[in-house]
Amino acid sequence: MEKKPIRRIGILTSGGDAPGMNAVIRAVVRTATAHGISVLGIRRGYSGLINGDIMELSARSVDGIIRKGGTMLYTARCKEMMTEEGLQKAVDTCKYLGIDGLICCGGDGTFRGAQALSRLGVPCIGVPGTIDNDIVCTDYTIGFDSACNTAVECIDKLRDTMQSHERCSVVEVMGRRAGHLALNVGCAVGATATLLPEQEVDFDVDVIDKMRTGRIKGRNHHIIIVAEGYGSAQSVADRIHENTGIDTRVTILGHIQRGGTPTAQDRIMATRMGYWAVKCIEEGKSKRIVVFDKNAISDIDIEEGLAKTKTLNGNLLEAQLTVAI
């Protein structure tokens, strides 16, 4: 059977924004344009697809966006995509506009939307964009490196004042139910302890005793990293103060981790993944996720990808626990 020619594709960003999403858009548009394919930008994620919030993108329209954070197409969460009516509206928009394939950049929820559309006949390719790095089928998600660097920069500055006042700083980082961001940040800043949702913690041993040992050895300040999925950073701070008497302050970095200029790593990965996504559509693929696996870009079936389980990096966790003593 002769493969259908690809004349027009769409691209959307959905869910939480991540530094590097603009670089994905640029890569998709430039790759498609070079191959004679027109591109429609769908604003505000699946909500824009359902409501026809569309703009035409050219190679010139994405000039310079590789260095910008956020997403020029905006993003949103769309509950309507969880209904049969909403899905059918999205499919109808694709048919009406002659969209031969759809590239969806985001996280788990974005991929479930792409999965549903693929089942209804719309060829979809997912590109992992989330600072949480919690997409189970890929070793890397766009935005993760930038978020780590933003958090590290903030905490390095925070350490200066904590050291001056001989305080303990409890810092909450993002990551929802996943501790990948917290683990990497904790390692990079030399945290006394890092509290993760994936780990059971003996608070007296893993936090209090470490702080006391550090104090005996001459350390006059402490940084404790808490993943937002672990629990309340304020509760952790209260417990530390109650057990040690150390002046303890809480800092919640929050959405600052999602903003800012993407790092070189995120720009490069976004370019590679965006290019690969267009390549997948040209090859007639559908219901795939672009992944970084074994130090190479490839793609995997969405069904298979979403069924996998992602665990923390065991080597990094062991190293962090060892050097934090």
# chains A, B, ... in the order shown; residues from 1 in each chain; ligands from 1

$ residues_around --residues "region 83-97 of chain A" --least-positions-apart "5" --cutoff "12 Å" --atoms "only C-alpha atoms" --output "VMD selection string"
chain A and resid 7 to 11 38 to 42 45 to 56 78 102 112 to 124

$ residues_around --residues "region 157-165 of chain A" --least-positions-apart "4" --cutoff "9 Å" --atoms "only C-alpha atoms" --output "list in words"
Val152, Glu153, Ser169, Asn220, His221, His222, Ile223, Asp247, Arg249 and Thr251 of chain A

$ closest_residue --among "A:Pro197, A:Gly16, A:Gly36, A:Gly179" --to "Asp108 (chain A)" --atoms "only C-alpha atoms"
A:Gly16

$ residues_around --residues "Val226 (chain A)" --least-positions-apart "3" --cutoff "12 Å" --atoms "only C-alpha atoms" --output "PyMOL selection string"
chain A and resi 169-186+191-199+201+207+223+229-237+250-254

$ residues_around --residues "Val127 (chain A)" --least-positions-apart "5" --cutoff "9 Å" --atoms "only C-alpha atoms" --output "VMD selection string"
chain A and resid 24 103 to 107 111 141 to 142 270 273 to 274 277 288 to 291

$ residues_around --residues "region 58-69 of chain A" --least-positions-apart "5" --cutoff "6 Å" --atoms "only C-alpha atoms" --output "list in words"
Pro19, Asn22, Ala23, Arg26, Arg30, Gly259, Gly260 and Thr261 of chain A

$ atom_distance --atom1 "CA of Tyr74 (chain A)" --atom2 "CA of Thr271 (chain A)"
18.8 Å

$ select_by_dssp --residues "region 50-225 of chain A" --states "alpha helix (DSSP H)" --output "PyMOL selection string"
chain A and resi 50-51+84-97+108-119+144-165+180-189+203+209-216

$ closest_residue --among "A:Glu283, A:Glu318, A:Asp202, A:Glu166" --to "Gly245 (chain A)" --atoms "only C-alpha atoms"
A:Glu166

$ atom_distance --atom1 "CA of Ile297 (chain A)" --atom2 "CA of Pro5 (chain A)"
24.3 Å

$ select_by_dssp --residues "region 19-241 of chain A" --states "strand (DSSP E or B)" --output "MDAnalysis selection string"
chainID A and resid 38:42 54:57 101:106 124:129 142 168:173 193:195 222:227

$ write_last_selection --atoms "N, CA and C atoms" --output "mmCIF file, in the first residue's frame"
data_model
loop_
_atom_site.group_PDB
_atom_site.id
_atom_site.type_symbol
_atom_site.label_atom_id
_atom_site.label_comp_id
_atom_site.auth_asym_id
_atom_site.auth_seq_id
_atom_site.Cartn_x
_atom_site.Cartn_y
_atom_site.Cartn_z
ATOM 1 N N SER A 38 4.065 21.989 5.525
ATOM 2 C CA SER A 38 3.617 23.176 6.262
ATOM 3 C C SER A 38 3.261 22.797 7.692
ATOM 4 N N VAL A 39 3.355 23.776 8.584
ATOM 5 C CA VAL A 39 3.134 23.515 10.014
ATOM 6 C C VAL A 39 2.100 24.474 10.587
ATOM 7 N N LEU A 40 1.156 23.915 11.330
ATOM 8 C CA LEU A 40 0.186 24.719 12.069
ATOM 9 C C LEU A 40 0.522 24.632 13.555
ATOM 10 N N GLY A 41 0.657 25.794 14.193
ATOM 11 C CA GLY A 41 0.854 25.834 15.638
ATOM 12 C C GLY A 41 -0.498 25.874 16.331
ATOM 13 N N ILE A 42 -0.698 24.968 17.271
ATOM 14 C CA ILE A 42 -1.970 24.892 17.998
ATOM 15 C C ILE A 42 -1.757 25.512 19.370
ATOM 16 N N ILE A 54 -5.643 28.230 16.181
ATOM 17 C CA ILE A 54 -4.551 27.775 15.317
ATOM 18 C C ILE A 54 -3.818 28.956 14.687
ATOM 19 N N MET A 55 -2.502 28.807 14.475
ATOM 20 C CA MET A 55 -1.720 29.796 13.749
ATOM 21 C C MET A 55 -0.748 29.074 12.822
ATOM 22 N N GLU A 56 -0.489 29.663 11.676
ATOM 23 C CA GLU A 56 0.475 29.063 10.747
ATOM 24 C C GLU A 56 1.884 29.462 11.172
ATOM 25 N N LEU A 57 2.792 28.505 11.128
ATOM 26 C CA LEU A 57 4.174 28.753 11.524
ATOM 27 C C LEU A 57 5.091 28.593 10.316
ATOM 28 N N GLY A 101 -0.571 14.791 10.609
ATOM 29 C CA GLY A 101 0.110 14.262 11.790
ATOM 30 C C GLY A 101 0.220 15.339 12.842
ATOM 31 N N LEU A 102 0.260 14.920 14.094
ATOM 32 C CA LEU A 102 0.275 15.864 15.211
ATOM 33 C C LEU A 102 1.443 15.546 16.138
ATOM 34 N N ILE A 103 2.241 16.573 16.457
ATOM 35 C CA ILE A 103 3.350 16.420 17.403
ATOM 36 C C ILE A 103 2.945 17.087 18.706
ATOM 37 N N CYS A 104 2.993 16.314 19.786
ATOM 38 C CA CYS A 104 2.494 16.764 21.091
ATOM 39 C C CYS A 104 3.639 16.761 22.100
ATOM 40 N N CYS A 105 4.022 17.937 22.569
ATOM 41 C CA CYS A 105 5.134 18.059 23.522
ATOM 42 C C CYS A 105 4.585 18.304 24.926
ATOM 43 N N GLY A 106 4.954 17.452 25.858
ATOM 44 C CA GLY A 106 4.488 17.592 27.235
ATOM 45 C C GLY A 106 4.837 16.363 28.046
ATOM 46 N N CYS A 124 -0.160 10.573 15.829
ATOM 47 C CA CYS A 124 0.413 11.449 16.863
ATOM 48 C C CYS A 124 1.787 10.954 17.279
ATOM 49 N N ILE A 125 2.690 11.903 17.491
ATOM 50 C CA ILE A 125 4.026 11.622 18.009
ATOM 51 C C ILE A 125 4.234 12.494 19.249
ATOM 52 N N GLY A 126 4.614 11.876 20.368
ATOM 53 C CA GLY A 126 4.851 12.614 21.602
ATOM 54 C C GLY A 126 6.325 12.961 21.777
ATOM 55 N N VAL A 127 6.578 14.169 22.290
ATOM 56 C CA VAL A 127 7.938 14.602 22.630
ATOM 57 C C VAL A 127 7.942 14.936 24.118
ATOM 58 N N PRO A 128 8.801 14.289 24.917
ATOM 59 C CA PRO A 128 8.776 14.483 26.366
ATOM 60 C C PRO A 128 9.305 15.837 26.823
ATOM 61 N N GLY A 129 8.425 16.675 27.335
ATOM 62 C CA GLY A 129 8.821 17.983 27.848
ATOM 63 C C GLY A 129 8.242 18.190 29.236
ATOM 64 N N ILE A 142 12.876 17.046 28.221
ATOM 65 C CA ILE A 142 13.264 18.429 27.946
ATOM 66 C C ILE A 142 12.805 19.339 29.093
ATOM 67 N N CYS A 168 19.749 26.315 59.377
ATOM 68 C CA CYS A 168 19.393 25.190 58.521
ATOM 69 C C CYS A 168 18.334 25.688 57.529
ATOM 70 N N SER A 169 18.532 25.373 56.259
ATOM 71 C CA SER A 169 17.571 25.764 55.240
ATOM 72 C C SER A 169 16.901 24.516 54.662
ATOM 73 N N VAL A 170 15.581 24.469 54.748
ATOM 74 C CA VAL A 170 14.807 23.386 54.143
ATOM 75 C C VAL A 170 14.240 23.927 52.834
ATOM 76 N N VAL A 171 14.642 23.325 51.719
ATOM 77 C CA VAL A 171 14.262 23.819 50.395
ATOM 78 C C VAL A 171 13.381 22.793 49.692
ATOM 79 N N GLU A 172 12.188 23.233 49.304
ATOM 80 C CA GLU A 172 11.284 22.355 48.564
ATOM 81 C C GLU A 172 11.433 22.601 47.075
ATOM 82 N N VAL A 173 11.660 21.511 46.321
ATOM 83 C CA VAL A 173 11.745 21.609 44.869
ATOM 84 C C VAL A 173 10.570 20.859 44.252
ATOM 85 N N ALA A 193 20.816 16.251 53.588
ATOM 86 C CA ALA A 193 19.849 15.171 53.380
ATOM 87 C C ALA A 193 18.897 15.559 52.266
ATOM 88 N N THR A 194 18.408 14.549 51.552
ATOM 89 C CA THR A 194 17.434 14.763 50.476
ATOM 90 C C THR A 194 16.267 13.810 50.705
ATOM 91 N N LEU A 195 15.068 14.371 50.828
ATOM 92 C CA LEU A 195 13.883 13.576 51.157
ATOM 93 C C LEU A 195 13.036 13.385 49.911
ATOM 94 N N HIS A 222 23.181 23.871 57.365
ATOM 95 C CA HIS A 222 22.720 22.665 56.669
ATOM 96 C C HIS A 222 21.710 23.038 55.586
ATOM 97 N N ILE A 223 21.746 22.291 54.492
ATOM 98 C CA ILE A 223 20.738 22.384 53.431
ATOM 99 C C ILE A 223 20.008 21.045 53.368
ATOM 100 N N ILE A 224 18.708 21.080 53.531
ATOM 101 C CA ILE A 224 17.872 19.880 53.415
ATOM 102 C C ILE A 224 16.961 20.073 52.200
ATOM 103 N N ILE A 225 17.028 19.149 51.233
ATOM 104 C CA ILE A 225 16.191 19.228 50.032
ATOM 105 C C ILE A 225 14.971 18.319 50.220
ATOM 106 N N VAL A 226 13.797 18.870 49.948
ATOM 107 C CA VAL A 226 12.546 18.111 50.073
ATOM 108 C C VAL A 226 11.827 18.120 48.728
ATOM 109 N N ALA A 227 11.555 16.951 48.178
ATOM 110 C CA ALA A 227 10.738 16.861 46.965
ATOM 111 C C ALA A 227 9.293 17.151 47.343
#

$ atom_distance --atom1 "CA of Gln257 (chain A)" --atom2 "CA of Met211 (chain A)"
26.9 Å

$ residues_around --residues "Lys3 (chain A)" --least-positions-apart "2" --cutoff "12 Å" --atoms "only C-alpha atoms" --output "ChimeraX atom specification"
/A:1,5-6,100,281-285

$ closest_residue --among "A:Met72, A:Ile300, A:Ile99, A:Ala264" --to "Cys280 (chain A)" --atoms "only C-alpha atoms"
A:Ile300

$ residues_around --residues "Ala307 (chain A)" --least-positions-apart "5" --cutoff "9 Å" --atoms "only C-alpha atoms" --output "ChimeraX atom specification"
/A:136-137,302
